[in-house]
Amino acid sequence: MITAERKPLEEIIECIRPYDRILLVGCNECVTVCAAGGRKEVGLLASALRMAFMKEGRTLEITELTLERQCDPEYVEELVTMIDAADAVLSMACGCGVQEVARRYKNKPVYPAVNTKFMGASVSQGVWAERCQGCGDCILGLTGGICPVARCSKRLLNGPCGGSTSGKCEISDDVECAWQLIWDRMKELGIQDRYEEVMVAKDWRTSRDGGPRKIVREDLA
Amino acid sequence: MSLKKRLSSKEFVVLAEMHTPKGVDISELVNNGRRIKGRVDAVVIPDMDNGVMRMSALAGGVLMHQQGIESIINIYTRDRNRMALQGDVLAAHVLGIQNLIAVKSETMSNCDHRDAKEVNDLDEIELLKAVRMLEEGTDMAGFDLSGVPSFTTGCTLGSFKDDAQLDQELAKAKEMVVAGAEFIVVPPVFDLEYFASAAEKINALGVPVIATVFLIKSVGIARYMSVTEPSTRVSEDLIKRIRKSPDREAECLKIAGETAAALKKMVQGVMIVTLGWEHRLPTILDFAQL
């Protein structure tokens, strides 16, 4: 999933300070799962903003709505009946959702209420960790199902650096060395011999380095 | 007189661009540099900004310095992060390079190493500010330097096909001047009449303007530029002039020389770009009477 964290309240307040009527829009997908911008977080943020403005002697009119998917034009269309009654939109979706609202409602200012972080997985209750950088040319089949692009701090493709100590990365004891994990997994699978295979310099064209990416499925388009 | 002094005393400056080799054979670069020593104020050494992996501009600039030729090296942000850029800028000063140009670069997908990763840690404006910071004695992280570099630093103006686009480019250029650019290099000029009006606007930036004189080497190149790069304003008359000439090569050199001479009345300098014909630079300078 795409993970996100809510921005500090002060930053959000500064963005919407010029406005009296805000349409606060959540998303029922990834940001709901990572508890950053779903229905519950929309309600909490709306209350916090109302209170903050009330302290300043101002009344902020907030309309709350959580869309099924804010990155999908079909659902973003649902805002059409309420967009005119708002001075600005505050979106709690990831960057994809914010941009979809901005694309559809060209004359309406849209502000993000969350910081989009990474594509990750749930590690334990309330903990998410980065797992994929969307490089566009998956090598998980070569690395025992653990991604060195996303999980090695240096994105090394041919084994660990000298900073790997007792399975931990030199940047922090909280970060596991991806290459230790890869080695352990290969051993478990009995494919240690693959570790010796040298990967060639990666072709980054399929990643963001080839410019903004797009998928066109002619069978569906 | 150094380039810095010529620019500040409003003297006309002549620059020539020379590429480093793709390899380590420096004989051509050094020989071409010697051919124009004393006839140009500085040699501009591009880096890999045009998308071809080659010997770094830093080395090229030092080679010119060793020949007693002042150099300007291009710096750009696609291939180096802020640490590498600052390190190279400090190295450049120590190795005798006095001038820099912060330039735009080709996107990696247009380079000869298309599979490489782009860095783009900074943009041109931030890079110019970083150079200024180093000159003021601190690095981008705010740490004091032991010994402070100094440069004459320029920037480039993006290509423009009409006044509206020129205004957009000038808006960006103003930011670069505020960020520290002390001169600006403008794209190749082929339509002198149109450029005369553009030059008035560009000169209003308040920094010396150096116009690029690009040597067209054949009818084919002229035609290609006219079709694929309308902003160059390569006219049918210009193409016809080369096509009808009994000695097309000489005509091309003459056109470049005449353009440089004409630009002397409009801007404070020219940068002659010959892309592989650096050995013909003396002839162009002869035609330009420079």
# chains A, B, ... in the order shown; residues from 1 in each chain; ligands from 1

call {"tool": "residues_around", "arguments": {"residues": "Lys217 in chain B", "least_positions_apart": "5", "cutoff": "8 Å", "atoms": "only C-alpha atoms", "output": "PyMOL selection string"}}
result
chain B and resi 222+249+252-253

call {"tool": "select_by_dssp", "arguments": {"residues": "range 113-166 of chain B", "states": "alpha helix (DSSP H)", "output": "ChimeraX atom specification"}}
result
/B:124-135,163-166

call {"tool": "write_last_selection", "arguments": {"atoms": "N, CA and C atoms", "output": "compact mmCIF listing (two decimals), in the first residue's frame"}}
result
# COMPACT_ATOMS: atom_id res chain seq x y z
N GLU B 124 19.40 24.53 -11.10
CA GLU B 124 20.42 25.53 -11.47
C GLU B 124 20.51 26.68 -10.48
N ILE B 125 19.33 27.12 -10.02
CA ILE B 125 19.31 28.27 -9.11
C ILE B 125 19.99 27.89 -7.79
N GLU B 126 19.66 26.70 -7.31
CA GLU B 126 20.28 26.26 -6.05
C GLU B 126 21.79 26.06 -6.23
N LEU B 127 22.18 25.61 -7.40
CA LEU B 127 23.60 25.42 -7.67
C LEU B 127 24.34 26.77 -7.66
N LEU B 128 23.72 27.77 -8.30
CA LEU B 128 24.34 29.10 -8.30
C LEU B 128 24.45 29.63 -6.87
N LYS B 129 23.40 29.39 -6.08
CA LYS B 129 23.44 29.84 -4.68
C LYS B 129 24.54 29.11 -3.91
N ALA B 130 24.71 27.81 -4.23
CA ALA B 130 25.74 27.02 -3.55
C ALA B 130 27.13 27.59 -3.85
N VAL B 131 27.36 27.95 -5.12
CA VAL B 131 28.66 28.54 -5.49
C VAL B 131 28.87 29.84 -4.72
N ARG B 132 27.81 30.64 -4.66
CA ARG B 132 27.89 31.91 -3.93
C ARG B 132 28.23 31.68 -2.45
N MET B 133 27.57 30.65 -1.87
CA MET B 133 27.83 30.34 -0.46
C MET B 133 29.29 29.95 -0.23
N LEU B 134 29.81 29.11 -1.15
CA LEU B 134 31.21 28.71 -1.02
C LEU B 134 32.12 29.94 -1.10
N GLU B 135 31.76 30.85 -2.01
CA GLU B 135 32.57 32.07 -2.15
C GLU B 135 32.50 32.94 -0.88
N ASP B 163 8.53 36.07 -28.62
CA ASP B 163 8.67 36.99 -27.48
C ASP B 163 8.07 36.42 -26.20
N ALA B 164 6.94 35.70 -26.35
CA ALA B 164 6.28 35.16 -25.16
C ALA B 164 7.21 34.17 -24.45
N GLN B 165 7.83 33.32 -25.25
CA GLN B 165 8.75 32.33 -24.66
C GLN B 165 10.00 33.03 -24.09
N LEU B 166 10.44 34.08 -24.79
CA LEU B 166 11.59 34.83 -24.30
C LEU B 166 11.29 35.42 -22.93

call {"tool": "closest_atom_pairs", "arguments": {"of": "chain B", "to": "chain A", "cutoff": "9 Å", "atoms": "only C-alpha atoms", "output": "CSV"}}
result
residue,atom,partner,partner_atom,distance
B:Thr107,CA,A:Gly210,CA,8.2
B:Met108,CA,A:Gly210,CA,6.9
B:Ser109,CA,A:Gly210,CA,5.7
B:Arg114,CA,A:Arg205,CA,6.7
B:Asp115,CA,A:Asp203,CA,4.3
B:Ala116,CA,A:Trp204,CA,5.8
B:Lys117,CA,A:Asp209,CA,5.6
B:Glu118,CA,A:Asp209,CA,5.7
B:Val119,CA,A:Asp209,CA,8.7

call {"tool": "write_last_selection", "arguments": {"atoms": "C-alpha atoms", "output": "JSON list (two decimals), in the first residue's frame"}}
result
[["chain", "number", "residue", "atom", "x", "y", "z"],
["B", 107, "THR", "CA", 17.58, 14.28, -19.67],
["B", 108, "MET", "CA", 19.17, 10.88, -19.19],
["B", 109, "SER", "CA", 16.84, 9.30, -21.73],
["B", 114, "ARG", "CA", 20.23, 5.92, -21.09],
["B", 115, "ASP", "CA", 20.06, 3.35, -18.30],
["B", 116, "ALA", "CA", 21.85, 5.60, -15.79],
["B", 117, "LYS", "CA", 20.21, 7.17, -12.77],
["B", 118, "GLU", "CA", 19.67, 10.91, -12.68],
["B", 119, "VAL", "CA", 20.71, 12.79, -9.55]]

call {"tool": "select_by_dssp", "arguments": {"residues": "range 98-155 of chain B", "states": "strand (DSSP E or B)", "output": "count of residues only"}}
result
10

call {"tool": "residues_around", "arguments": {"residues": "Met199 in chain A", "least_positions_apart": "3", "cutoff": "12 Å", "atoms": "only C-alpha atoms", "output": "list in words"}}
result
Ile139, Leu142, Thr143, Pro148, Leu156, Leu157, Asn158, Gly159, Arg194, Tyr195, Glu196, Lys202 and Asp203 of chain A

call {"tool": "residues_around", "arguments": {"residues": "Cys34 in chain A", "least_positions_apart": "3", "cutoff": "9 Å", "atoms": "only C-alpha atoms", "output": "list in words"}}
result
Met1, Ile2, Thr3, Ala4, Glu5, Cys30, Val31, Gly37, Gly38, Ser122, Gly126, Val127 and Trp128 of chain A

call {"tool": "write_last_selection", "arguments": {"atoms": "C-alpha atoms", "output": "JSON list (two decimals), in the first residue's frame"}}
result
[["chain", "number", "residue", "atom", "x", "y", "z"],
["A", 1, "MET", "CA", 0.00, 0.00, 0.00],
["A", 2, "ILE", "CA", 0.94, 3.66, -0.25],
["A", 3, "THR", "CA", 1.67, 4.94, 3.22],
["A", 4, "ALA", "CA", 1.22, 8.43, 4.56],
["A", 5, "GLU", "CA", 1.40, 10.45, 7.74],
["A", 30, "CYS", "CA", -4.35, 2.95, 1.44],
["A", 31, "VAL", "CA", -4.49, 5.98, 3.74],
["A", 37, "GLY", "CA", -6.49, 9.85, 5.93],
["A", 38, "GLY", "CA", -9.58, 7.65, 6.23],
["A", 122, "SER", "CA", 2.37, -3.49, 7.73],
["A", 126, "GLY", "CA", 0.87, 0.75, 13.93],
["A", 127, "VAL", "CA", 4.19, 0.05, 12.17],
["A", 128, "TRP", "CA", 4.72, 0.20, 8.41]]

call {"tool": "residues_around", "arguments": {"residues": "range 84-96 of chain A", "least_positions_apart": "3", "cutoff": "8 Å", "atoms": "only C-alpha atoms", "output": "number ranges by chain"}}
result
A: 2-4, 6, 16, 19-27, 31, 36-38, 42, 70-71, 80-81, 99-100, 108-116

call {"tool": "write_last_selection", "arguments": {"atoms": "N, CA and C atoms", "output": "mmCIF file, in the first residue's frame"}}
result
data_model
loop_
_atom_site.group_PDB
_atom_site.id
_atom_site.type_symbol
_atom_site.label_atom_id
_atom_site.label_comp_id
_atom_site.auth_asym_id
_atom_site.auth_seq_id
_atom_site.Cartn_x
_atom_site.Cartn_y
_atom_site.Cartn_z
ATOM 1 N N ILE A 2 0.237 2.371 -0.360
ATOM 2 C CA ILE A 2 0.943 3.659 -0.251
ATOM 3 C C ILE A 2 0.725 4.163 1.164
ATOM 4 N N THR A 3 1.810 4.493 1.836
ATOM 5 C CA THR A 3 1.666 4.936 3.222
ATOM 6 C C THR A 3 1.777 6.453 3.312
ATOM 7 N N ALA A 4 1.189 6.973 4.367
ATOM 8 C CA ALA A 4 1.215 8.430 4.562
ATOM 9 C C ALA A 4 1.146 8.741 6.047
ATOM 10 N N ARG A 6 -0.072 12.124 8.648
ATOM 11 C CA ARG A 6 -0.691 13.451 8.626
ATOM 12 C C ARG A 6 0.353 14.531 8.869
ATOM 13 N N ILE A 16 -4.700 26.666 5.149
ATOM 14 C CA ILE A 16 -6.140 26.980 4.943
ATOM 15 C C ILE A 16 -6.564 28.279 5.630
ATOM 16 N N TYR A 19 -9.082 30.830 4.127
ATOM 17 C CA TYR A 19 -10.418 30.373 3.708
ATOM 18 C C TYR A 19 -11.375 30.221 4.891
ATOM 19 N N ASP A 20 -12.675 30.337 4.558
ATOM 20 C CA ASP A 20 -13.724 30.160 5.587
ATOM 21 C C ASP A 20 -14.443 28.825 5.442
ATOM 22 N N ARG A 21 -14.473 28.305 4.200
ATOM 23 C CA ARG A 21 -15.245 27.066 3.956
ATOM 24 C C ARG A 21 -14.320 26.021 3.331
ATOM 25 N N ILE A 22 -14.153 24.927 4.025
ATOM 26 C CA ILE A 22 -13.213 23.890 3.578
ATOM 27 C C ILE A 22 -13.965 22.590 3.299
ATOM 28 N N LEU A 23 -13.605 21.984 2.182
ATOM 29 C CA LEU A 23 -14.112 20.638 1.899
ATOM 30 C C LEU A 23 -12.975 19.675 2.246
ATOM 31 N N LEU A 24 -13.158 18.910 3.311
ATOM 32 C CA LEU A 24 -12.113 17.996 3.787
ATOM 33 C C LEU A 24 -12.410 16.594 3.275
ATOM 34 N N VAL A 25 -11.509 16.090 2.415
ATOM 35 C CA VAL A 25 -11.808 14.852 1.691
ATOM 36 C C VAL A 25 -10.805 13.753 2.052
ATOM 37 N N GLY A 26 -11.319 12.651 2.571
ATOM 38 C CA GLY A 26 -10.482 11.494 2.883
ATOM 39 C C GLY A 26 -10.535 10.476 1.766
ATOM 40 N N CYS A 27 -9.836 9.363 1.970
ATOM 41 C CA CYS A 27 -9.824 8.296 0.973
ATOM 42 C C CYS A 27 -9.934 6.963 1.708
ATOM 43 N N VAL A 31 -4.663 5.096 2.587
ATOM 44 C CA VAL A 31 -4.489 5.984 3.743
ATOM 45 C C VAL A 31 -5.450 5.644 4.882
ATOM 46 N N ALA A 36 -4.025 7.253 8.196
ATOM 47 C CA ALA A 36 -3.556 8.625 7.992
ATOM 48 C C ALA A 36 -4.649 9.528 7.434
ATOM 49 N N GLY A 37 -5.534 8.965 6.602
ATOM 50 C CA GLY A 37 -6.490 9.850 5.930
ATOM 51 C C GLY A 37 -7.816 9.203 5.599
ATOM 52 N N GLY A 38 -8.266 8.265 6.443
ATOM 53 C CA GLY A 38 -9.577 7.652 6.232
ATOM 54 C C GLY A 38 -10.674 8.442 6.930
ATOM 55 N N VAL A 42 -10.357 11.911 9.044
ATOM 56 C CA VAL A 42 -11.043 13.112 8.540
ATOM 57 C C VAL A 42 -11.814 13.754 9.690
ATOM 58 N N GLN A 70 -9.619 8.172 -3.991
ATOM 59 C CA GLN A 70 -9.436 9.544 -4.459
ATOM 60 C C GLN A 70 -8.541 9.635 -5.695
ATOM 61 N N CYS A 71 -7.919 8.527 -6.064
ATOM 62 C CA CYS A 71 -7.072 8.552 -7.267
ATOM 63 C C CYS A 71 -7.866 8.104 -8.500
ATOM 64 N N VAL A 80 -18.585 16.890 -7.083
ATOM 65 C CA VAL A 80 -19.125 17.954 -7.945
ATOM 66 C C VAL A 80 -20.283 18.708 -7.288
ATOM 67 N N THR A 81 -21.057 18.039 -6.481
ATOM 68 C CA THR A 81 -22.230 18.710 -5.880
ATOM 69 C C THR A 81 -21.838 19.621 -4.724
ATOM 70 N N GLN A 99 -3.707 15.155 -6.481
ATOM 71 C CA GLN A 99 -3.554 15.614 -7.862
ATOM 72 C C GLN A 99 -4.777 15.307 -8.719
ATOM 73 N N GLU A 100 -5.476 14.235 -8.403
ATOM 74 C CA GLU A 100 -6.675 13.916 -9.177
ATOM 75 C C GLU A 100 -7.767 14.952 -8.900
ATOM 76 N N LYS A 108 -10.287 25.293 -8.200
ATOM 77 C CA LYS A 108 -10.375 25.188 -6.737
ATOM 78 C C LYS A 108 -9.005 24.874 -6.151
ATOM 79 N N PRO A 109 -8.549 25.683 -5.190
ATOM 80 C CA PRO A 109 -7.261 25.341 -4.559
ATOM 81 C C PRO A 109 -7.369 24.032 -3.775
ATOM 82 N N VAL A 110 -6.363 23.195 -3.895
ATOM 83 C CA VAL A 110 -6.350 21.912 -3.187
ATOM 84 C C VAL A 110 -5.059 21.834 -2.364
ATOM 85 N N TYR A 111 -5.195 21.476 -1.097
ATOM 86 C CA TYR A 111 -4.011 21.366 -0.227
ATOM 87 C C TYR A 111 -3.903 19.955 0.332
ATOM 88 N N PRO A 112 -2.684 19.447 0.459
ATOM 89 C CA PRO A 112 -2.515 18.113 1.059
ATOM 90 C C PRO A 112 -2.483 18.220 2.584
ATOM 91 N N ALA A 113 -3.170 17.290 3.238
ATOM 92 C CA ALA A 113 -3.122 17.266 4.705
ATOM 93 C C ALA A 113 -2.214 16.152 5.208
ATOM 94 N N VAL A 114 -1.701 15.343 4.269
ATOM 95 C CA VAL A 114 -0.782 14.274 4.687
ATOM 96 C C VAL A 114 0.501 14.357 3.866
ATOM 97 N N ASN A 115 1.549 13.771 4.397
ATOM 98 C CA ASN A 115 2.791 13.587 3.642
ATOM 99 C C ASN A 115 2.807 12.150 3.144
ATOM 100 N N THR A 116 2.816 11.970 1.829
ATOM 101 C CA THR A 116 2.888 10.615 1.278
ATOM 102 C C THR A 116 4.307 10.097 1.495
#

call {"tool": "residues_around", "arguments": {"residues": "Thr156 in chain B", "least_positions_apart": "5", "cutoff": "10 Å", "atoms": "only C-alpha atoms", "output": "PyMOL selection string"}}
result
chain B and resi 101-104+124+169+172-173+176+181+183-187+209-211

call {"tool": "write_last_selection", "arguments": {"atoms": "N, CA and C atoms", "output": "mmCIF file, in the first residue's frame"}}
result
data_model
loop_
_atom_site.group_PDB
_atom_site.id
_atom_site.type_symbol
_atom_site.label_atom_id
_atom_site.label_comp_id
_atom_site.auth_asym_id
_atom_site.auth_seq_id
_atom_site.Cartn_x
_atom_site.Cartn_y
_atom_site.Cartn_z
ATOM 1 N N ILE B 101 30.051 28.061 -15.584
ATOM 2 C CA ILE B 101 28.700 28.352 -16.101
ATOM 3 C C ILE B 101 27.786 27.250 -15.595
ATOM 4 N N ALA B 102 26.722 27.643 -14.904
ATOM 5 C CA ALA B 102 25.705 26.677 -14.485
ATOM 6 C C ALA B 102 24.792 26.455 -15.694
ATOM 7 N N VAL B 103 24.787 25.234 -16.196
ATOM 8 C CA VAL B 103 24.054 24.961 -17.442
ATOM 9 C C VAL B 103 22.932 23.943 -17.216
ATOM 10 N N LYS B 104 22.029 23.922 -18.187
ATOM 11 C CA LYS B 104 20.992 22.892 -18.211
ATOM 12 C C LYS B 104 21.621 21.631 -18.803
ATOM 13 N N GLU B 124 19.405 24.528 -11.105
ATOM 14 C CA GLU B 124 20.422 25.528 -11.471
ATOM 15 C C GLU B 124 20.506 26.680 -10.482
ATOM 16 N N GLU B 169 11.588 32.785 -20.327
ATOM 17 C CA GLU B 169 12.987 32.452 -20.058
ATOM 18 C C GLU B 169 13.674 33.570 -19.272
ATOM 19 N N LYS B 172 13.032 33.307 -15.605
ATOM 20 C CA LYS B 172 13.918 32.332 -14.948
ATOM 21 C C LYS B 172 15.324 32.918 -14.806
ATOM 22 N N ALA B 173 15.754 33.604 -15.878
ATOM 23 C CA ALA B 173 17.112 34.173 -15.878
ATOM 24 C C ALA B 173 17.273 35.202 -14.758
ATOM 25 N N MET B 176 18.114 33.574 -11.705
ATOM 26 C CA MET B 176 19.498 33.087 -11.690
ATOM 27 C C MET B 176 20.483 34.234 -11.431
ATOM 28 N N ALA B 181 24.364 34.637 -10.767
ATOM 29 C CA ALA B 181 24.941 34.612 -12.121
ATOM 30 C C ALA B 181 25.458 36.003 -12.488
ATOM 31 N N PHE B 183 27.039 36.624 -15.580
ATOM 32 C CA PHE B 183 26.873 36.823 -17.022
ATOM 33 C C PHE B 183 25.922 35.746 -17.521
ATOM 34 N N ILE B 184 25.406 35.940 -18.732
ATOM 35 C CA ILE B 184 24.454 34.951 -19.246
ATOM 36 C C ILE B 184 24.800 34.609 -20.695
ATOM 37 N N VAL B 185 24.778 33.325 -20.980
ATOM 38 C CA VAL B 185 25.054 32.858 -22.342
ATOM 39 C C VAL B 185 23.718 32.545 -23.001
ATOM 40 N N VAL B 186 23.473 33.134 -24.149
ATOM 41 C CA VAL B 186 22.171 32.943 -24.803
ATOM 42 C C VAL B 186 22.315 31.983 -25.989
ATOM 43 N N PRO B 187 21.209 31.344 -26.382
ATOM 44 C CA PRO B 187 21.266 30.290 -27.412
ATOM 45 C C PRO B 187 21.771 30.807 -28.770
ATOM 46 N N VAL B 209 25.864 39.950 -21.563
ATOM 47 C CA VAL B 209 25.196 38.926 -22.374
ATOM 48 C C VAL B 209 26.188 38.398 -23.408
ATOM 49 N N ILE B 210 26.316 37.083 -23.441
ATOM 50 C CA ILE B 210 27.209 36.447 -24.407
ATOM 51 C C ILE B 210 26.363 35.595 -25.343
ATOM 52 N N ALA B 211 26.379 35.939 -26.614
ATOM 53 C CA ALA B 211 25.539 35.218 -27.579
ATOM 54 C C ALA B 211 26.326 34.050 -28.188
#

call {"tool": "closest_residue", "arguments": {"among": "A:Cys135, A:Leu67, A:Ala150, A:Ala178", "to": "Phe118 in chain A", "atoms": "only C-alpha atoms"}}
result
A:Ala150
